Amino acid sequence: MDIPAMRANFAKAARTGDEAPLYFYSHLFLSHPETRALFPVSMAHQRDRLFAALGDVIARVDDLETLRPILEQLGRDHRKFGTVAAHYPAVGASLLATLEHFDEEWTPELAKSWTEAYDVVATVMIEAAEASAEQPAWWEADVVGHERRTIDVAVLQIRPRARYDYAAGQSVSLETDVRPKLWRYYSPANAPRPDGLMEIHVKARDGGPVSTALVRRVGVGDVLRLGPPVGHLVLREDADRDLLLVAGGLGLAPLKALVDSVARKGPPRRVDLFAGFRTEDQIYDRADLERMVREHPWLTVTFAVSEDKISGLEHGDIGDVVLRHGPWNSREICVAGPAVMVEDTVTRLVGSGVPTHRISSEVFAPSRPGPSVNGEVTE
Amino acid sequence: MTTDQSGTTNEDRGLTPADLHDVRFTRASMMRPGYVDSEVDRVLARVAEELGRLYAEKAALRDQVRSLQAQVDGVVMPEAPSEQAVRILSSAQQTADNYVAEAEEFSRQITHDARVEYEEMTREARETAGAILQAAQEAAAKIGPAAPPAGEQNTADLEEQVAYLKAFGQACRTQLRSYLEALLTDIETEWGKADPAALPRGLALPPAPRSTTTFEANTAEENPPETADGAVPAGSGGQRAG
């Protein structure tokens, strides 16, 4: 494998921007029409993703040990899209055709290098996919509850039809028939329950096809598809440090799951949850959180509003409000919410003397990689 | 008959088209014109035998091709698509992408504008209601001590007024909400047009029955307990500062 030559060749295709991925997908769909059904109507975001992923792989192609876990994860995760082993050679052939098309100095040696590299990548992905074959490729889940809490937030109760294992704080990708082939990540707001029920909080983003459909179109009796869970804010089983949880907007969901996890499994620890919203009437899950406070003496919940002058709740950015209640130096801390809020809160906490290694955070950004028109990150 | 000298090797390697071209039959005799029957018969027998062998071989090969084909199906690349085909499909895909992007952008703008308007109107309505309430309370406070019986009367009046204002506020909210719902349904339909695959379910699912229940749930949730100062205004639109 001549890796420098491959990188140079890939750079030529990548320089063309959208052209190369456009060529690649057209080539793939023409030579294997059955693959078209695996993708959404609009391929715009898909194209960005493909070359970004390829670029990541190329950057690490000489370090298979680093690359392997990434590829394995990719291979497992691709099962939910309906990818099967037979698709890999098809993709490889179209990839080679694309790289050849955009390189004036294409050589048989380059073709050989790419074929070898692709074989390695595909083999790792296929093996990982096959190793997880005892798990379903995706899980169907019935929507058994759908409650609109504010003008743009809904709380869904879903029940997977088969056993679905996840940990509190993890995220789950899901797809609805109303928006086929568009997978988005959401965090269940509860720890695993014996009856399998999962609570999903969704905020309809302006112009967001999936979130809008989940809030306004999907209802009780509909079926969602779930992909395997991926982990972010997962508590260590052995740790029993008291917790400080800081949520901005819909970042509340994974943190509520952590509270639920402490309630169900322990270990016993104090939990202080701070939840920031713009205005008081945006606090979409107040009743349930207040119920939890009544049931659990170890739990406090503090709401804060940043743009509501009349509210009787605490005022200010949530990071600021948290510090007013400090110090938190001995706590294990989880922060979840919009990027600005997470960054601000973490900076303030670190500034107040909390060691960084005890802070974990999750940024709630729009699931899709394409930026919205004004580059705004709605939670 | 003069075909080939070495008849036996000929049998071994089978009958070739050239062999047949080269067949020369002996003339029978003056009395019986034509070829010698036995020679013709022998050649015919060999041709028939050869044909049979070829058919059998062909059938065997065909089976072999089929089984190989089955093995490599999906692995072997069909003919590579032409450059022209790739170009045509690419531009068709781009056209589709642009339509979807436009629909999403349209939906984004409309939803955004509608929500800003909703928040603004709710805020104004609450502020107005708050101001009226406050003025009424001040008026009541002035009258109150001077004329106790009339004060009681006034309190009753005020309470009625407060109840009316609350109901008025509630009605405003409900109306705004249904207006917004209607707008959003329109947007949904637009999106559905951009993505026809999602259409049939969408059209068969009028949002009305669900939203009625959520109205109650929502208003119960959003309307804070009927505290002394009554209303809590919604903030104006804009990005959460974090």
# chains A, B, ... in the order shown; residues from 1 in each chain; ligands from 1
>>> interface_residues(of="chain A", to="chain B", cutoff="8 Å", atoms="only C-alpha atoms", output="short mmCIF file (atom, residue, chain, number, x, y, z; two decimals) with C-alpha atoms, in the first residue's frame")
data_model
loop_
_atom_site.label_atom_id
_atom_site.label_comp_id
_atom_site.auth_asym_id
_atom_site.auth_seq_id
_atom_site.Cartn_x
_atom_site.Cartn_y
_atom_site.Cartn_z
CA LEU A 22 -21.95 13.34 -6.27
CA TYR A 23 -20.14 11.25 -8.86
CA SER A 26 -24.53 8.42 -9.01
CA HIS A 27 -22.06 5.73 -10.06
CA LEU A 30 -26.48 3.27 -11.54
CA SER A 31 -24.41 0.14 -11.11
CA VAL A 41 -34.54 11.57 -0.72
CA SER A 42 -32.12 14.42 -0.31
CA MET A 43 -28.51 13.31 -0.52
CA ALA A 44 -27.00 16.70 0.32
CA ALA A 86 -22.87 -7.69 -0.48
CA PRO A 89 -17.84 -4.59 -2.94
CA ALA A 90 -20.34 -2.40 -4.78
CA ALA A 93 -15.96 -0.42 -7.00
CA GLU A 147 -47.88 14.52 25.02
CA ARG A 148 -47.35 18.01 23.71
CA ARG A 149 -45.92 19.99 26.59
CA THR A 150 -45.27 23.36 24.96
CA ILE A 151 -45.75 24.80 21.50
CA ASP A 177 -41.67 6.14 8.61
CA VAL A 178 -42.87 9.70 8.16
CA ARG A 179 -39.27 10.72 7.37
CA PRO A 180 -37.72 7.59 5.92
CA ASP A 206 -37.58 25.20 12.90
CA GLY A 207 -37.32 23.43 9.54
CA GLY A 208 -35.99 20.24 11.13
CA PRO A 209 -37.76 17.42 9.27
CA ARG A 216 -46.46 17.20 15.33
CA ARG A 217 -47.06 14.12 13.19
CA GLY A 219 -48.74 9.81 17.66
CA GLY A 248 -29.96 23.65 29.47
CA GLY A 276 -32.14 26.36 32.83
CA PHE A 277 -34.75 27.61 30.37
CA ARG A 278 -35.36 30.90 28.63
CA THR A 279 -38.77 31.48 30.15
CA GLU A 280 -40.82 29.81 32.82
CA ASP A 281 -43.45 28.44 30.46
CA GLN A 282 -40.75 26.58 28.55
CA TYR A 284 -41.82 21.39 29.85
CA ALA A 287 -44.57 18.40 37.16
CA SER A 306 -32.62 33.62 31.64
CA GLU A 307 -35.12 35.81 29.78
CA ASP A 308 -38.20 35.97 31.96
CA LYS A 309 -38.38 39.15 34.04
CA ILE A 310 -41.61 38.39 35.85
CA SER A 311 -40.95 34.76 36.84
CA ASP A 317 -27.65 31.98 32.92
CA ILE A 318 -27.73 28.53 34.40
CA GLY A 319 -23.95 28.40 34.87
CA PRO A 338 -26.71 23.77 23.81
CA VAL A 340 -22.89 27.90 24.34
CA MET A 341 -24.50 26.91 27.61
CA VAL A 342 -22.26 23.85 28.07
CA ASP A 344 -20.08 28.65 29.62
CA VAL A 373 -28.91 28.85 7.19
CA THR A 378 -30.83 25.51 18.34
#
>>> residues_around(residues="region 4-12 of chain A", least_positions_apart="3", cutoff="9 Å", atoms="only C-alpha atoms", output="ChimeraX atom specification")
/A:1,15-16,54-55,58-59,99-100,102-103,105-106,110,113-114
>>> write_last_selection(atoms="N, CA and C atoms", output="JSON list (two decimals), in the first residue's frame")
[["chain", "number", "residue", "atom", "x", "y", "z"],
["A", 1, "MET", "N", 0.84, -1.20, 0.00],
["A", 1, "MET", "CA", 0.00, 0.00, 0.00],
["A", 1, "MET", "C", 0.87, 1.25, 0.00],
["A", 15, "ARG", "N", -10.73, 17.88, -3.15],
["A", 15, "ARG", "CA", -10.68, 19.28, -3.57],
["A", 15, "ARG", "C", -11.88, 19.69, -4.42],
["A", 16, "THR", "N", -12.49, 18.73, -5.07],
["A", 16, "THR", "CA", -13.60, 19.07, -5.96],
["A", 16, "THR", "C", -14.86, 19.41, -5.18],
["A", 54, "LEU", "N", -14.52, 9.31, 4.99],
["A", 54, "LEU", "CA", -13.39, 8.78, 4.23],
["A", 54, "LEU", "C", -12.10, 9.49, 4.62],
["A", 55, "GLY", "N", -12.20, 10.82, 4.78],
["A", 55, "GLY", "CA", -11.03, 11.60, 5.17],
["A", 55, "GLY", "C", -10.48, 11.11, 6.50],
["A", 58, "ILE", "N", -8.70, 7.84, 5.90],
["A", 58, "ILE", "CA", -7.43, 8.03, 5.19],
["A", 58, "ILE", "C", -6.37, 8.57, 6.13],
["A", 59, "ALA", "N", -6.80, 9.47, 7.02],
["A", 59, "ALA", "CA", -5.83, 10.08, 7.93],
["A", 59, "ALA", "C", -5.22, 9.03, 8.85],
["A", 99, "LEU", "N", -12.37, 7.82, -7.57],
["A", 99, "LEU", "CA", -11.00, 8.29, -7.36],
["A", 99, "LEU", "C", -10.24, 8.32, -8.68],
["A", 100, "GLU", "N", -10.55, 7.37, -9.55],
["A", 100, "GLU", "CA", -9.90, 7.35, -10.86],
["A", 100, "GLU", "C", -10.38, 8.52, -11.71],
["A", 102, "PHE", "N", -11.33, 11.45, -10.92],
["A", 102, "PHE", "CA", -10.86, 12.79, -10.57],
["A", 102, "PHE", "C", -9.33, 12.89, -10.50],
["A", 103, "ASP", "N", -8.65, 11.87, -11.03],
["A", 103, "ASP", "CA", -7.19, 11.90, -11.00],
["A", 103, "ASP", "C", -6.64, 11.66, -12.40],
["A", 105, "GLU", "N", -3.64, 11.37, -13.15],
["A", 105, "GLU", "CA", -2.46, 10.50, -13.14],
["A", 105, "GLU", "C", -2.75, 9.17, -12.45],
["A", 106, "TRP", "N", -3.91, 8.67, -12.65],
["A", 106, "TRP", "CA", -4.30, 7.39, -12.04],
["A", 106, "TRP", "C", -3.42, 6.27, -12.59],
["A", 110, "LEU", "N", -1.92, 2.55, -8.00],
["A", 110, "LEU", "CA", -2.84, 3.26, -7.12],
["A", 110, "LEU", "C", -4.12, 2.44, -6.94],
["A", 113, "SER", "N", -3.37, -0.30, -4.53],
["A", 113, "SER", "CA", -3.30, 0.19, -3.16],
["A", 113, "SER", "C", -4.69, 0.41, -2.57],
["A", 114, "TRP", "N", -5.54, 1.09, -3.35],
["A", 114, "TRP", "CA", -6.88, 1.40, -2.87],
["A", 114, "TRP", "C", -7.69, 0.13, -2.65]]
>>> atom_distance(atom1="CA of Ala365 (chain A)", atom2="CA of Ala339 (chain A)")
6.9 Å
>>> residues_around(residues="His357 (chain A)", least_positions_apart="5", cutoff="10 Å", atoms="only C-alpha atoms", output="PyMOL selection string")
chain A and resi 332-333+350
>>> write_last_selection(atoms="C-alpha atoms", output="compact mmCIF listing (two decimals), in the first residue's frame")
# COMPACT_ATOMS: atom_id res chain seq x y z
CA GLU A 332 -19.08 14.56 40.01
CA ILE A 333 -20.65 16.87 37.45
CA VAL A 350 -13.45 24.94 36.25
>>> atom_distance(atom1="CA of Cys334 (chain A)", atom2="CA of Leu255 (chain A)")
7.5 Å
>>> select_by_dssp(residues="region 182-228 of chain A", states="helix (DSSP H, G or I)", output="number ranges by chain")
A: 209-216
>>> residues_around(residues="Val335 (chain A)", least_positions_apart="3", cutoff="12 Å", atoms="only C-alpha atoms", output="mmCIF file with N, CA and C atoms, in the first residue's frame")
data_model
loop_
_atom_site.group_PDB
_atom_site.id
_atom_site.type_symbol
_atom_site.label_atom_id
_atom_site.label_comp_id
_atom_site.auth_asym_id
_atom_site.auth_seq_id
_atom_site.Cartn_x
_atom_site.Cartn_y
_atom_site.Cartn_z
ATOM 1 N N GLY A 169 -28.242 7.921 30.287
ATOM 2 C CA GLY A 169 -27.301 8.920 29.784
ATOM 3 C C GLY A 169 -26.853 8.663 28.359
ATOM 4 N N HIS A 232 -22.561 8.550 26.022
ATOM 5 C CA HIS A 232 -21.841 9.784 26.336
ATOM 6 C C HIS A 232 -21.727 9.917 27.847
ATOM 7 N N LEU A 233 -22.846 10.351 28.430
ATOM 8 C CA LEU A 233 -22.829 10.637 29.863
ATOM 9 C C LEU A 233 -23.171 9.377 30.645
ATOM 10 N N VAL A 234 -22.216 8.496 30.803
ATOM 11 C CA VAL A 234 -22.532 7.282 31.544
ATOM 12 C C VAL A 234 -21.791 7.309 32.873
ATOM 13 N N LEU A 243 -23.677 13.975 43.107
ATOM 14 C CA LEU A 243 -23.770 14.452 41.728
ATOM 15 C C LEU A 243 -24.283 15.881 41.649
ATOM 16 N N LEU A 244 -23.728 16.617 40.689
ATOM 17 C CA LEU A 244 -24.313 17.894 40.287
ATOM 18 C C LEU A 244 -24.655 17.768 38.804
ATOM 19 N N LEU A 245 -25.912 17.966 38.478
ATOM 20 C CA LEU A 245 -26.344 17.851 37.088
ATOM 21 C C LEU A 245 -26.839 19.214 36.627
ATOM 22 N N VAL A 246 -26.339 19.663 35.467
ATOM 23 C CA VAL A 246 -26.721 20.979 34.971
ATOM 24 C C VAL A 246 -27.273 20.838 33.553
ATOM 25 N N ALA A 247 -28.547 21.198 33.380
ATOM 26 C CA ALA A 247 -29.198 21.023 32.079
ATOM 27 C C ALA A 247 -29.585 22.369 31.495
ATOM 28 N N GLY A 248 -29.412 22.499 30.192
ATOM 29 C CA GLY A 248 -29.957 23.647 29.470
ATOM 30 C C GLY A 248 -30.996 23.127 28.497
ATOM 31 N N GLY A 249 -32.224 23.606 28.608
ATOM 32 C CA GLY A 249 -33.273 23.185 27.687
ATOM 33 C C GLY A 249 -33.447 21.680 27.660
ATOM 34 N N LEU A 250 -33.416 21.102 26.432
ATOM 35 C CA LEU A 250 -33.671 19.674 26.267
ATOM 36 C C LEU A 250 -32.508 18.805 26.729
ATOM 37 N N GLY A 251 -31.402 19.449 27.136
ATOM 38 C CA GLY A 251 -30.304 18.699 27.747
ATOM 39 C C GLY A 251 -30.776 18.034 29.029
ATOM 40 N N LEU A 252 -31.960 18.391 29.467
ATOM 41 C CA LEU A 252 -32.547 17.785 30.656
ATOM 42 C C LEU A 252 -32.707 16.269 30.516
ATOM 43 N N ALA A 253 -33.009 15.800 29.297
ATOM 44 C CA ALA A 253 -33.363 14.380 29.118
ATOM 45 C C ALA A 253 -32.319 13.397 29.677
ATOM 46 N N PRO A 254 -31.054 13.463 29.220
ATOM 47 C CA PRO A 254 -30.101 12.464 29.740
ATOM 48 C C PRO A 254 -29.850 12.631 31.236
ATOM 49 N N LEU A 255 -29.964 13.863 31.743
ATOM 50 C CA LEU A 255 -29.701 14.094 33.166
ATOM 51 C C LEU A 255 -30.839 13.546 34.014
ATOM 52 N N LYS A 256 -32.063 13.657 33.505
ATOM 53 C CA LYS A 256 -33.193 13.063 34.208
ATOM 54 C C LYS A 256 -33.011 11.549 34.259
ATOM 55 N N LEU A 258 -30.165 10.032 34.458
ATOM 56 C CA LEU A 258 -29.171 9.755 35.493
ATOM 57 C C LEU A 258 -29.824 9.784 36.878
ATOM 58 N N ASP A 272 -28.079 17.033 42.936
ATOM 59 C CA ASP A 272 -28.648 18.361 42.755
ATOM 60 C C ASP A 272 -28.746 18.640 41.265
ATOM 61 N N LEU A 273 -29.964 18.839 40.816
ATOM 62 C CA LEU A 273 -30.190 19.079 39.387
ATOM 63 C C LEU A 273 -30.577 20.535 39.164
ATOM 64 N N PHE A 274 -29.868 21.190 38.262
ATOM 65 C CA PHE A 274 -30.214 22.568 37.868
ATOM 66 C C PHE A 274 -30.685 22.530 36.426
ATOM 67 N N ALA A 275 -31.829 23.138 36.154
ATOM 68 C CA ALA A 275 -32.348 23.133 34.795
ATOM 69 C C ALA A 275 -32.636 24.558 34.359
ATOM 70 N N GLY A 276 -31.972 24.998 33.306
ATOM 71 C CA GLY A 276 -32.145 26.365 32.827
ATOM 72 C C GLY A 276 -33.013 26.412 31.580
ATOM 73 N N ILE A 318 -27.715 29.648 33.462
ATOM 74 C CA ILE A 318 -27.734 28.528 34.398
ATOM 75 C C ILE A 318 -26.372 28.323 35.060
ATOM 76 N N GLY A 319 -25.292 28.568 34.309
ATOM 77 C CA GLY A 319 -23.953 28.400 34.871
ATOM 78 C C GLY A 319 -23.756 29.330 36.068
ATOM 79 N N VAL A 322 -25.825 28.124 39.053
ATOM 80 C CA VAL A 322 -25.184 26.977 39.696
ATOM 81 C C VAL A 322 -24.086 27.459 40.654
ATOM 82 N N GLU A 332 -19.208 15.001 41.388
ATOM 83 C CA GLU A 332 -19.082 14.555 40.010
ATOM 84 C C GLU A 332 -20.143 15.328 39.247
ATOM 85 N N PRO A 338 -27.267 23.155 25.006
ATOM 86 C CA PRO A 338 -26.706 23.774 23.809
ATOM 87 C C PRO A 338 -25.231 24.114 24.010
ATOM 88 N N ALA A 339 -24.493 24.175 22.901
ATOM 89 C CA ALA A 339 -23.041 24.346 22.959
ATOM 90 C C ALA A 339 -22.627 25.537 23.829
ATOM 91 N N VAL A 340 -23.279 26.690 23.618
ATOM 92 C CA VAL A 340 -22.891 27.902 24.341
ATOM 93 C C VAL A 340 -23.056 27.708 25.838
ATOM 94 N N MET A 341 -24.192 27.112 26.199
ATOM 95 C CA MET A 341 -24.499 26.908 27.613
ATOM 96 C C MET A 341 -23.504 25.934 28.248
ATOM 97 N N VAL A 342 -23.183 24.847 27.536
ATOM 98 C CA VAL A 342 -22.256 23.849 28.074
ATOM 99 C C VAL A 342 -20.880 24.473 28.280
ATOM 100 N N GLU A 343 -20.432 25.199 27.262
ATOM 101 C CA GLU A 343 -19.107 25.799 27.332
ATOM 102 C C GLU A 343 -19.024 26.791 28.496
ATOM 103 N N ASP A 344 -20.051 27.635 28.582
ATOM 104 C CA ASP A 344 -20.082 28.653 29.625
ATOM 105 C C ASP A 344 -20.080 28.009 31.011
ATOM 106 N N THR A 345 -20.937 26.994 31.189
ATOM 107 C CA THR A 345 -21.062 26.359 32.500
ATOM 108 C C THR A 345 -19.762 25.656 32.893
ATOM 109 N N VAL A 346 -19.181 24.926 31.943
ATOM 110 C CA VAL A 346 -17.951 24.190 32.257
ATOM 111 C C VAL A 346 -16.837 25.174 32.610
ATOM 112 N N THR A 347 -16.717 26.263 31.826
ATOM 113 C CA THR A 347 -15.682 27.260 32.109
ATOM 114 C C THR A 347 -15.841 27.827 33.516
ATOM 115 N N ARG A 348 -17.079 28.176 33.859
ATOM 116 C CA ARG A 348 -17.314 28.741 35.190
ATOM 117 C C ARG A 348 -16.959 27.745 36.287
ATOM 118 N N LEU A 349 -17.364 26.495 36.095
ATOM 119 C CA LEU A 349 -17.108 25.485 37.130
ATOM 120 C C LEU A 349 -15.614 25.257 37.309
ATOM 121 N N ARG A 358 -13.551 15.621 36.597
ATOM 122 C CA ARG A 358 -14.825 15.213 37.200
ATOM 123 C C ARG A 358 -16.024 15.817 36.480
ATOM 124 N N ILE A 359 -15.764 16.543 35.391
ATOM 125 C CA ILE A 359 -16.880 17.125 34.641
ATOM 126 C C ILE A 359 -17.044 16.369 33.329
ATOM 127 N N SER A 360 -18.215 15.848 33.068
ATOM 128 C CA SER A 360 -18.480 15.305 31.736
ATOM 129 C C SER A 360 -19.603 16.132 31.142
ATOM 130 N N SER A 361 -19.581 16.264 29.832
ATOM 131 C CA SER A 361 -20.596 17.129 29.238
ATOM 132 C C SER A 361 -21.046 16.584 27.901
ATOM 133 N N GLU A 362 -22.230 16.990 27.517
ATOM 134 C CA GLU A 362 -22.756 16.607 26.211
ATOM 135 C C GLU A 362 -23.412 17.820 25.579
ATOM 136 N N VAL A 363 -22.965 18.122 24.364
ATOM 137 C CA VAL A 363 -23.536 19.263 23.665
ATOM 138 C C VAL A 363 -24.733 18.801 22.850
ATOM 139 N N PHE A 364 -25.860 19.455 23.036
ATOM 140 C CA PHE A 364 -27.038 19.143 22.236
ATOM 141 C C PHE A 364 -27.065 20.054 21.034
ATOM 142 N N GLY B 242 -27.765 30.768 27.195
ATOM 143 C CA GLY B 242 -27.010 29.669 27.766
ATOM 144 C C GLY B 242 -26.563 29.903 29.200
#
>>> atom_distance(atom1="CA of Ala304 (chain A)", atom2="CA of Asp152 (chain A)")
19.5 Å
